[in-house]
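Text of the file entry-v5.cif, holding mmCIF, C-alpha atoms:
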```
data_run
#
loop_
_atom_site.label_atom_id
_atom_site.label_comp_id
_atom_site.auth_asym_id
_atom_site.auth_seq_id
_atom_site.Cartn_x
_atom_site.Cartn_y
_atom_site.Cartn_z
CA MET A 8 0.00 0.00 0.00
CA LYS A 9 1.42 3.36 -1.05
CA SER A 10 0.27 6.80 -0.01
CA GLU A 11 1.02 10.43 -0.73
CA VAL A 12 -0.64 13.76 -0.10
CA LYS A 13 -1.44 15.63 -3.32
CA GLN A 14 -3.49 18.82 -3.48
CA ALA A 15 -4.96 18.28 -0.02
CA LYS A 16 -5.83 14.66 -0.86
CA LEU A 17 -4.41 11.65 0.95
CA CYS A 18 -4.12 9.24 -1.99
CA ILE A 19 -3.87 5.60 -0.98
CA GLN A 20 -2.98 3.03 -3.61
CA ILE A 21 -3.96 -0.54 -2.78
CA GLU A 22 -1.40 -2.66 -4.59
CA LYS A 23 -2.81 -6.17 -4.20
CA ASP A 24 -6.10 -7.99 -3.78
CA LEU A 25 -8.18 -7.13 -0.72
CA THR A 26 -8.71 -10.63 0.61
CA ALA A 27 -8.60 -12.00 4.17
CA ASN A 28 -5.02 -13.28 3.85
CA ARG A 29 -3.76 -9.79 2.94
CA VAL A 30 -6.06 -7.38 4.78
CA LYS A 31 -4.76 -8.07 8.28
CA GLY A 32 -1.38 -6.53 7.43
CA LEU A 33 -3.01 -3.51 5.81
CA VAL A 34 -5.22 -2.46 8.74
CA ASP A 35 -2.42 -1.28 11.04
CA GLU A 36 -0.58 0.34 8.15
CA ALA A 37 -3.72 2.27 7.12
CA LYS A 38 -4.46 3.41 10.68
CA ARG A 39 -0.91 4.70 11.00
CA MET A 40 -1.12 6.46 7.64
CA VAL A 41 -4.44 8.17 8.39
CA GLY A 42 -3.49 9.07 11.97
CA GLN A 43 0.03 10.42 11.41
CA ILE A 44 -0.72 13.20 8.97
CA ASP A 45 -3.44 15.82 8.91
CA ASN A 46 -2.63 18.12 6.01
CA TYR A 47 -5.41 16.82 3.76
CA ARG A 48 -9.15 17.23 3.31
CA GLU A 49 -9.99 14.03 1.47
CA ILE A 50 -8.96 10.38 1.47
CA SER A 51 -8.90 8.91 -2.02
CA VAL A 52 -8.43 5.13 -2.26
CA ASP A 53 -7.31 3.73 -5.61
CA LEU A 54 -8.50 0.16 -6.19
CA SER A 55 -7.36 -0.12 -9.82
CA ARG A 56 -4.92 -2.93 -8.98
CA VAL A 57 -7.48 -4.94 -7.01
CA GLN A 58 -8.92 -7.89 -8.93
CA HIS A 59 -10.34 -9.89 -6.03
CA ILE A 60 -12.03 -8.77 -2.85
CA ASP A 61 -13.94 -10.50 -0.06
CA SER A 62 -16.00 -9.24 2.86
CA THR A 63 -12.82 -8.67 4.90
CA GLY A 64 -11.63 -6.34 2.15
CA ILE A 65 -14.98 -4.56 2.10
CA SER A 66 -14.78 -4.14 5.89
CA PHE A 67 -11.31 -2.64 5.44
CA ILE A 68 -12.72 -0.04 3.01
CA ILE A 69 -15.60 0.73 5.37
CA GLY A 70 -13.11 1.14 8.22
CA LEU A 71 -11.20 3.71 6.15
CA TYR A 72 -14.46 5.49 5.29
CA LYS A 73 -15.43 5.65 8.99
CA SER A 74 -11.98 6.92 9.86
CA ALA A 75 -12.37 9.69 7.27
CA CYS A 76 -15.82 10.61 8.62
CA SER A 77 -14.64 10.72 12.22
CA ASN A 78 -11.78 13.04 11.18
CA SER A 79 -14.17 15.22 9.11
CA LYS A 80 -12.48 14.28 5.83
CA ALA A 81 -14.16 13.50 2.53
CA PHE A 82 -13.76 9.96 1.18
CA LYS A 83 -13.61 8.63 -2.36
CA LEU A 84 -12.96 5.26 -4.02
CA THR A 85 -11.43 5.25 -7.50
CA GLY A 86 -10.45 2.74 -10.18
CA LEU A 87 -12.94 -0.01 -9.31
CA ASN A 88 -13.33 -2.61 -12.03
CA GLU A 89 -16.82 -3.52 -13.21
CA ASP A 90 -17.08 -6.62 -11.00
CA ILE A 91 -16.05 -4.87 -7.80
CA PHE A 92 -18.27 -1.89 -8.58
CA GLY A 93 -21.16 -4.34 -9.13
CA LEU A 94 -20.48 -5.83 -5.72
CA PHE A 95 -20.56 -2.41 -4.04
CA ARG A 96 -23.85 -1.66 -5.82
CA LEU A 97 -25.28 -4.97 -4.68
CA MET A 98 -24.56 -3.98 -1.09
CA LYS A 99 -25.92 -0.47 -1.71
CA LEU A 100 -22.56 0.96 -0.70
CA ASP A 101 -22.70 3.20 -3.78
CA LYS A 102 -25.39 5.13 -1.87
CA ILE A 103 -23.03 6.15 0.92
CA LEU A 104 -19.60 6.10 -0.74
CA GLU A 105 -18.39 8.35 -3.54
CA ILE A 106 -17.18 5.93 -6.22
CA GLU A 107 -15.37 6.47 -9.52
CA THR A 108 -15.05 3.39 -11.71
CA ALA A 109 -12.03 2.58 -13.90
CA MET B 29 -16.14 -30.61 -13.14
CA LYS B 30 -15.86 -32.21 -9.74
CA LEU B 31 -13.19 -31.09 -7.26
CA HIS B 32 -12.42 -31.98 -3.67
CA PHE B 33 -9.90 -30.24 -1.39
CA GLU B 34 -8.90 -30.52 2.23
CA ILE B 35 -6.97 -27.58 3.61
CA ALA B 36 -5.55 -26.25 6.88
CA SER B 37 -7.47 -23.50 8.68
CA THR B 38 -5.59 -20.49 7.35
CA PHE B 39 -6.63 -17.62 5.11
CA GLU B 40 -3.53 -18.27 2.98
CA ALA B 41 -4.69 -21.83 2.29
CA VAL B 42 -8.15 -20.49 1.36
CA ASP B 43 -6.61 -18.00 -1.06
CA GLN B 44 -4.54 -20.69 -2.78
CA VAL B 45 -7.34 -23.21 -3.13
CA VAL B 46 -9.86 -20.63 -4.37
CA GLN B 47 -7.42 -19.49 -7.07
CA GLN B 48 -6.93 -23.11 -8.11
CA ILE B 49 -10.69 -23.81 -8.28
CA VAL B 50 -11.48 -20.64 -10.22
CA GLU B 51 -8.67 -21.26 -12.72
CA THR B 52 -9.98 -24.78 -13.29
CA PHE B 53 -13.51 -23.41 -13.78
CA LYS B 54 -12.27 -20.83 -16.32
CA LYS B 55 -10.29 -23.49 -18.20
CA ASP B 56 -13.10 -26.06 -18.21
CA PHE B 57 -15.88 -23.56 -19.00
CA PRO B 58 -14.32 -20.83 -21.15
CA ASN B 59 -17.68 -19.65 -22.47
CA HIS B 60 -18.88 -18.25 -19.16
CA PRO B 61 -18.30 -14.49 -18.77
CA PRO B 62 -15.54 -13.31 -16.38
CA ARG B 63 -18.22 -11.99 -13.98
CA THR B 64 -19.29 -15.60 -13.27
CA ALA B 65 -15.76 -16.54 -12.18
CA PHE B 66 -15.64 -13.42 -9.98
CA ILE B 67 -18.88 -14.43 -8.25
CA ILE B 68 -17.69 -18.02 -7.68
CA ASP B 69 -14.38 -16.65 -6.32
CA PHE B 70 -16.22 -14.34 -3.91
CA ALA B 71 -18.65 -17.02 -2.68
CA LEU B 72 -15.91 -19.61 -2.12
CA ARG B 73 -13.77 -17.13 -0.19
CA GLU B 74 -16.68 -16.14 2.05
CA ILE B 75 -17.76 -19.65 2.93
CA MET B 76 -14.22 -20.94 3.42
CA ASN B 77 -13.05 -17.90 5.40
CA ASN B 78 -16.08 -18.36 7.68
CA ALA B 79 -15.15 -22.01 8.16
CA VAL B 80 -11.57 -21.04 9.08
CA GLU B 81 -12.46 -18.14 11.36
CA HIS B 82 -15.79 -19.08 12.98
CA GLY B 83 -15.99 -22.85 12.48
CA ASN B 84 -12.42 -23.87 13.25
CA ARG B 85 -11.55 -20.67 15.15
CA MET B 86 -8.22 -20.32 13.30
CA ASP B 87 -6.97 -23.60 14.74
CA VAL B 88 -4.47 -24.73 12.06
CA SER B 89 -4.69 -28.33 13.19
CA LYS B 90 -8.35 -28.42 12.13
CA ARG B 91 -9.26 -29.03 8.51
CA VAL B 92 -11.69 -27.46 6.07
CA LEU B 93 -13.19 -29.65 3.36
CA CYS B 94 -14.33 -28.11 0.11
CA ASP B 95 -16.28 -29.75 -2.71
CA VAL B 96 -17.14 -28.01 -5.96
CA ARG B 97 -19.29 -29.58 -8.64
CA VAL B 98 -20.64 -28.24 -11.90
CA GLU B 99 -23.54 -30.18 -13.39
CA GLY B 100 -25.17 -28.79 -16.49
CA GLN B 101 -25.84 -25.13 -15.78
CA ARG B 102 -25.61 -25.39 -12.00
CA ILE B 103 -22.67 -25.05 -9.64
CA TYR B 104 -22.67 -26.62 -6.18
CA LEU B 105 -20.29 -25.59 -3.40
CA ALA B 106 -20.00 -27.45 -0.10
CA VAL B 107 -17.66 -26.45 2.72
CA THR B 108 -17.35 -28.39 5.96
CA ASP B 109 -15.38 -27.44 9.04
CA GLU B 110 -14.77 -29.06 12.43
CA GLY B 111 -16.83 -26.57 14.41
CA SER B 112 -20.18 -27.06 16.10
CA GLY B 113 -22.19 -25.53 13.23
CA PHE B 114 -24.73 -22.72 13.28
CA GLU B 115 -28.30 -21.93 12.32
CA LEU B 116 -28.51 -19.81 9.21
CA ASN B 117 -31.59 -17.79 10.21
CA LYS B 118 -30.07 -16.99 13.60
CA ALA B 119 -26.58 -16.15 12.30
CA ILE B 120 -27.10 -12.41 11.82
CA PRO B 121 -29.81 -10.28 13.50
CA GLU B 122 -32.03 -8.27 11.13
CA ASN B 123 -31.05 -4.89 12.64
CA VAL B 124 -27.39 -5.66 11.87
CA LEU B 125 -28.25 -6.43 8.23
CA GLN B 126 -29.89 -3.01 7.88
CA ASP B 127 -26.66 -1.18 8.79
CA LEU B 128 -24.88 -0.48 5.48
CA THR B 129 -21.65 0.54 7.22
CA ARG B 130 -21.32 -2.51 9.46
CA GLU B 131 -17.82 -3.91 9.49
CA ARG B 132 -18.77 -7.59 9.92
CA ASN B 133 -21.49 -10.07 8.96
CA ARG B 134 -21.83 -9.42 5.25
CA GLY B 135 -20.58 -12.56 3.51
CA LEU B 136 -23.57 -14.89 3.49
CA GLN B 137 -25.98 -12.04 2.79
CA ILE B 138 -23.97 -10.99 -0.28
CA ILE B 139 -23.82 -14.56 -1.57
CA SER B 140 -27.62 -14.78 -1.32
CA LEU B 141 -27.98 -11.45 -3.12
CA MET B 142 -25.71 -12.79 -5.87
CA GLY B 143 -28.27 -15.53 -6.49
CA PHE B 144 -26.90 -18.49 -4.50
CA THR B 145 -29.27 -20.65 -2.51
CA VAL B 146 -27.46 -21.16 0.79
CA SER B 147 -28.21 -23.90 3.29
CA VAL B 148 -26.50 -25.10 6.44
CA LEU B 149 -26.42 -28.63 7.74
CA GLY B 150 -24.50 -28.85 11.01
CA SER B 151 -21.00 -27.62 10.26
CA SER B 152 -21.45 -27.88 6.50
CA VAL B 153 -22.47 -24.90 4.36
CA ARG B 154 -23.85 -25.55 0.90
CA ALA B 155 -24.40 -22.98 -1.81
CA GLU B 156 -25.99 -23.63 -5.16
CA LEU B 157 -26.30 -21.33 -8.15
CA SER B 158 -27.90 -21.49 -11.58
CA LEU B 159 -25.21 -20.12 -13.91
CA GLU B 160 -27.80 -19.64 -16.65
CA THR B 161 -30.05 -17.48 -14.46
CA LEU B 162 -27.07 -15.49 -13.18
CA GLU B 163 -25.79 -14.71 -16.67
CA LYS B 164 -29.26 -13.81 -18.04
CA ARG B 165 -29.70 -11.43 -15.11
CA GLU B 166 -26.27 -9.87 -15.76
CA VAL B 167 -27.21 -9.23 -19.42
CA ILE B 168 -30.45 -7.50 -18.34
CA VAL B 169 -28.59 -5.36 -15.77
CA SER B 170 -25.94 -4.26 -18.30
CA GLU B 171 -28.63 -3.50 -20.92
CA LYS B 172 -30.43 -1.31 -18.36
CA ARG B 173 -27.16 0.50 -17.55
CA SER B 174 -26.32 1.23 -21.21
#
```
As structure tokens:
Amino acid sequence: MKSEVKQAKLCIQIEKDLTANRVKGLVDEAKRMVGQIDNYREISVDLSRVQHIDSTGISFIIGLYKSACSNSKAFKLTGLNEDIFGLFRLMKLDKILEIETA
Amino acid sequence: MKLHFEIASTFEAVDQVVQQIVETFKKDFPNHPPRTAFIIDFALREIMNNAVEHGNRMDVSKRVLCDVRVEGQRIYLAVTDEGSGFELNKAIPENVLQDLTRERNRGLQIISLMGFTVSVLGSSVRAELSLETLEKREVIVSEKRS
């Protein structure tokens, strides 16, 4: 997972699939990333490299969204492929999350 | 297609076996759209991760059995763990399901929404899906979108 602050946006790039075997390691890293810096107004999470996701991965995204809300930051998901976007629609998460598809 | 696997209770083992099953499905049934493989991948991960985490409580000495069968236009998944089992209709309270931002308890609900018929018998979870119905529905949804 890579991150950088660009034009008041904390851009987080997820580099691998968001599945249970990988998410555990990402949670602490994400918390540290979001907590350590404050010079941004929005968290933007790029999922363009994610091909597979499971409910643990979805929970990870929701955790980031909640973190953004509790720190009064905007939150956006970008680069979702058609399958993952379909999954978010199925769960009605497109109604609460700002999503840009690939 | 008829596959049987027995794995240790780890998420890494789930990841490996799911990749293997989905690759076999794609090779044996190349005419199904990629979305079908994505849905099978998701469902298998959910059921097997549940077996590892809730059924076997991450005890690596306990095993998870997985059977996948495709017959005609139907796919059957069966996952068995060494736990004490659960009752499907008591697994997740209704008020939890209404919370869109909940951080747990989504897997089985999503699988049902995808079109799987899910049943539980003791510590064995079975999920069955009509591939034909799924793919017809996908065509209708994409036609509506475009």
Please tabulate, as CSV, the residues of stretch 38-155 of chain B that come within 12 Å of stretch 78-101 of chain A, each with its closest pair of atoms and the distance in Å to one decimal, counting only C-alpha atoms and ordering rows by chain, then residue number upward.
```
residue,atom,partner,partner_atom,distance
B:Pro61,CA,A:Asp90,CA,11.1
B:Pro62,CA,A:Asp90,CA,8.7
B:Arg63,CA,A:Asp90,CA,6.2
B:Thr64,CA,A:Asp90,CA,9.5
B:Ala65,CA,A:Asp90,CA,10.1
B:Phe66,CA,A:Asp90,CA,7.0
B:Ile67,CA,A:Asp90,CA,8.5
B:Ile68,CA,A:Asp90,CA,11.9
B:Asp69,CA,A:Asp90,CA,11.4
B:Phe70,CA,A:Leu94,CA,9.7
B:Ala71,CA,A:Leu94,CA,11.7
B:Leu125,CA,A:Met98,CA,10.3
B:Gln126,CA,A:Met98,CA,10.5
B:Asp127,CA,A:Met98,CA,10.5
B:Leu128,CA,A:Leu100,CA,6.8
B:Thr129,CA,A:Leu100,CA,8.0
B:Arg130,CA,A:Leu100,CA,10.8
B:Arg134,CA,A:Met98,CA,8.8
B:Gly135,CA,A:Met98,CA,10.5
B:Leu136,CA,A:Met98,CA,11.9
B:Gln137,CA,A:Met98,CA,9.1
B:Ile138,CA,A:Met98,CA,7.1
B:Ile139,CA,A:Leu97,CA,10.2
B:Ser140,CA,A:Leu97,CA,10.6
B:Leu141,CA,A:Leu97,CA,7.2
B:Met142,CA,A:Leu97,CA,7.9
B:Gly143,CA,A:Leu97,CA,11.1
```
Legend entry - Atomic distance atom CA of A:Asp35 - atom CA of A:Tyr72, expressed in Å with one decimal: 15.0 Å
Inset, instruction - In the coordinate frame of the file, compute which residues have an atom within 9 Å of (-0.3, 6.2, 0.4) when using only C-alpha atoms, and state them as a VMD selection string. - result: chain A and resid 8 to 12 17 to 21 37 40 52
Inset, instruction - Take the PyMOL selection byres ((chain A) within 7 of (chain B)), apply it to the structure above, and return the hits as a PyMOL selection string. - result: chain A and resi 27-28+61-62+66+69+90+100
Inset, instruction - Run the PyMOL selection byres ((chain B and resi 159) around 8) against the file shown and list the residues it catches, as a PyMOL selection string. - result: chain B and resi 64+101-103+157-158+160-163
Export, as a tab-separated table (two decimals), in the frame of the given file, the selected residues with C-alpha atoms.
```tsv
chain	number	residue	atom	x	y	z
B	64	THR	CA	-19.29	-15.60	-13.27
B	101	GLN	CA	-25.84	-25.13	-15.78
B	102	ARG	CA	-25.61	-25.39	-12.00
B	103	ILE	CA	-22.67	-25.05	-9.64
B	157	LEU	CA	-26.30	-21.33	-8.15
B	158	SER	CA	-27.90	-21.49	-11.58
B	160	GLU	CA	-27.80	-19.64	-16.65
B	161	THR	CA	-30.05	-17.48	-14.46
B	162	LEU	CA	-27.07	-15.49	-13.18
B	163	GLU	CA	-25.79	-14.71	-16.67
```
Legend entry - Coordinates-based distance that separates atom CA of B:Gly100 from atom CA of B:Phe144 (Å, one decimal):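 Separation between atom CA of B:Phe144 and atom CA of B:Gly100: 15.9 Å.
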Inset, instruction - Tell me which residues the PyMOL selection byres ((chain B and resi 29) around 7) grabs here, as number ranges by chain. - result: B: 30-31, 97-98
Inset, instruction - Work out how far apart atom CA of B:Gly150 and atom CA of B:Asn117 are and give it in Å to one decimal. - result: 13.2 Å
Inset, instruction - Rank A:Lys23, A:Lys13, A:Lys73, A:Arg29 by their smallest atom-to-atom distance to A:Gln58, using all atoms listed in the file, and report the top residue only. - result: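 Among A:Lys23, A:Lys13, A:Lys73, A:Arg29, it is A:Lys23 that comes nearest to A:Gln58.
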Legend entry - Among the residues B:Arg154, B:Glu34, B:Asp109, B:Ser147, the one that comes closest to B:Asp87 [using all atoms listed in the file]: B:Asp109
Inset, instruction - Name the residues in contact with A:Leu25 at a cut-off of 8 Å, using all atoms listed in the file, excluding same-chain residues fewer than 3 positions from it; report them as a list in words. - result: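 My reading of the contact set: Arg29, Val30, Val57, His59, Ile60, Asp61, Thr63, Gly64 and Ile65 of chain A.
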Would you save the residues of that selection, restricted to C-alpha atoms, as a PDB file, keeping the file's coordinate frame?
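Now in selection.pdb:
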```
ATOM      1  CA  ARG A  29      -3.760  -9.790   2.940  1.00  0.00           C
ATOM      2  CA  VAL A  30      -6.060  -7.380   4.780  1.00  0.00           C
ATOM      3  CA  VAL A  57      -7.480  -4.940  -7.010  1.00  0.00           C
ATOM      4  CA  HIS A  59     -10.340  -9.890  -6.030  1.00  0.00           C
ATOM      5  CA  ILE A  60     -12.030  -8.770  -2.850  1.00  0.00           C
ATOM      6  CA  ASP A  61     -13.940 -10.500  -0.060  1.00  0.00           C
ATOM      7  CA  THR A  63     -12.820  -8.670   4.900  1.00  0.00           C
ATOM      8  CA  GLY A  64     -11.630  -6.340   2.150  1.00  0.00           C
ATOM      9  CA  ILE A  65     -14.980  -4.560   2.100  1.00  0.00           C
TER      10      ILE A  65
END
```
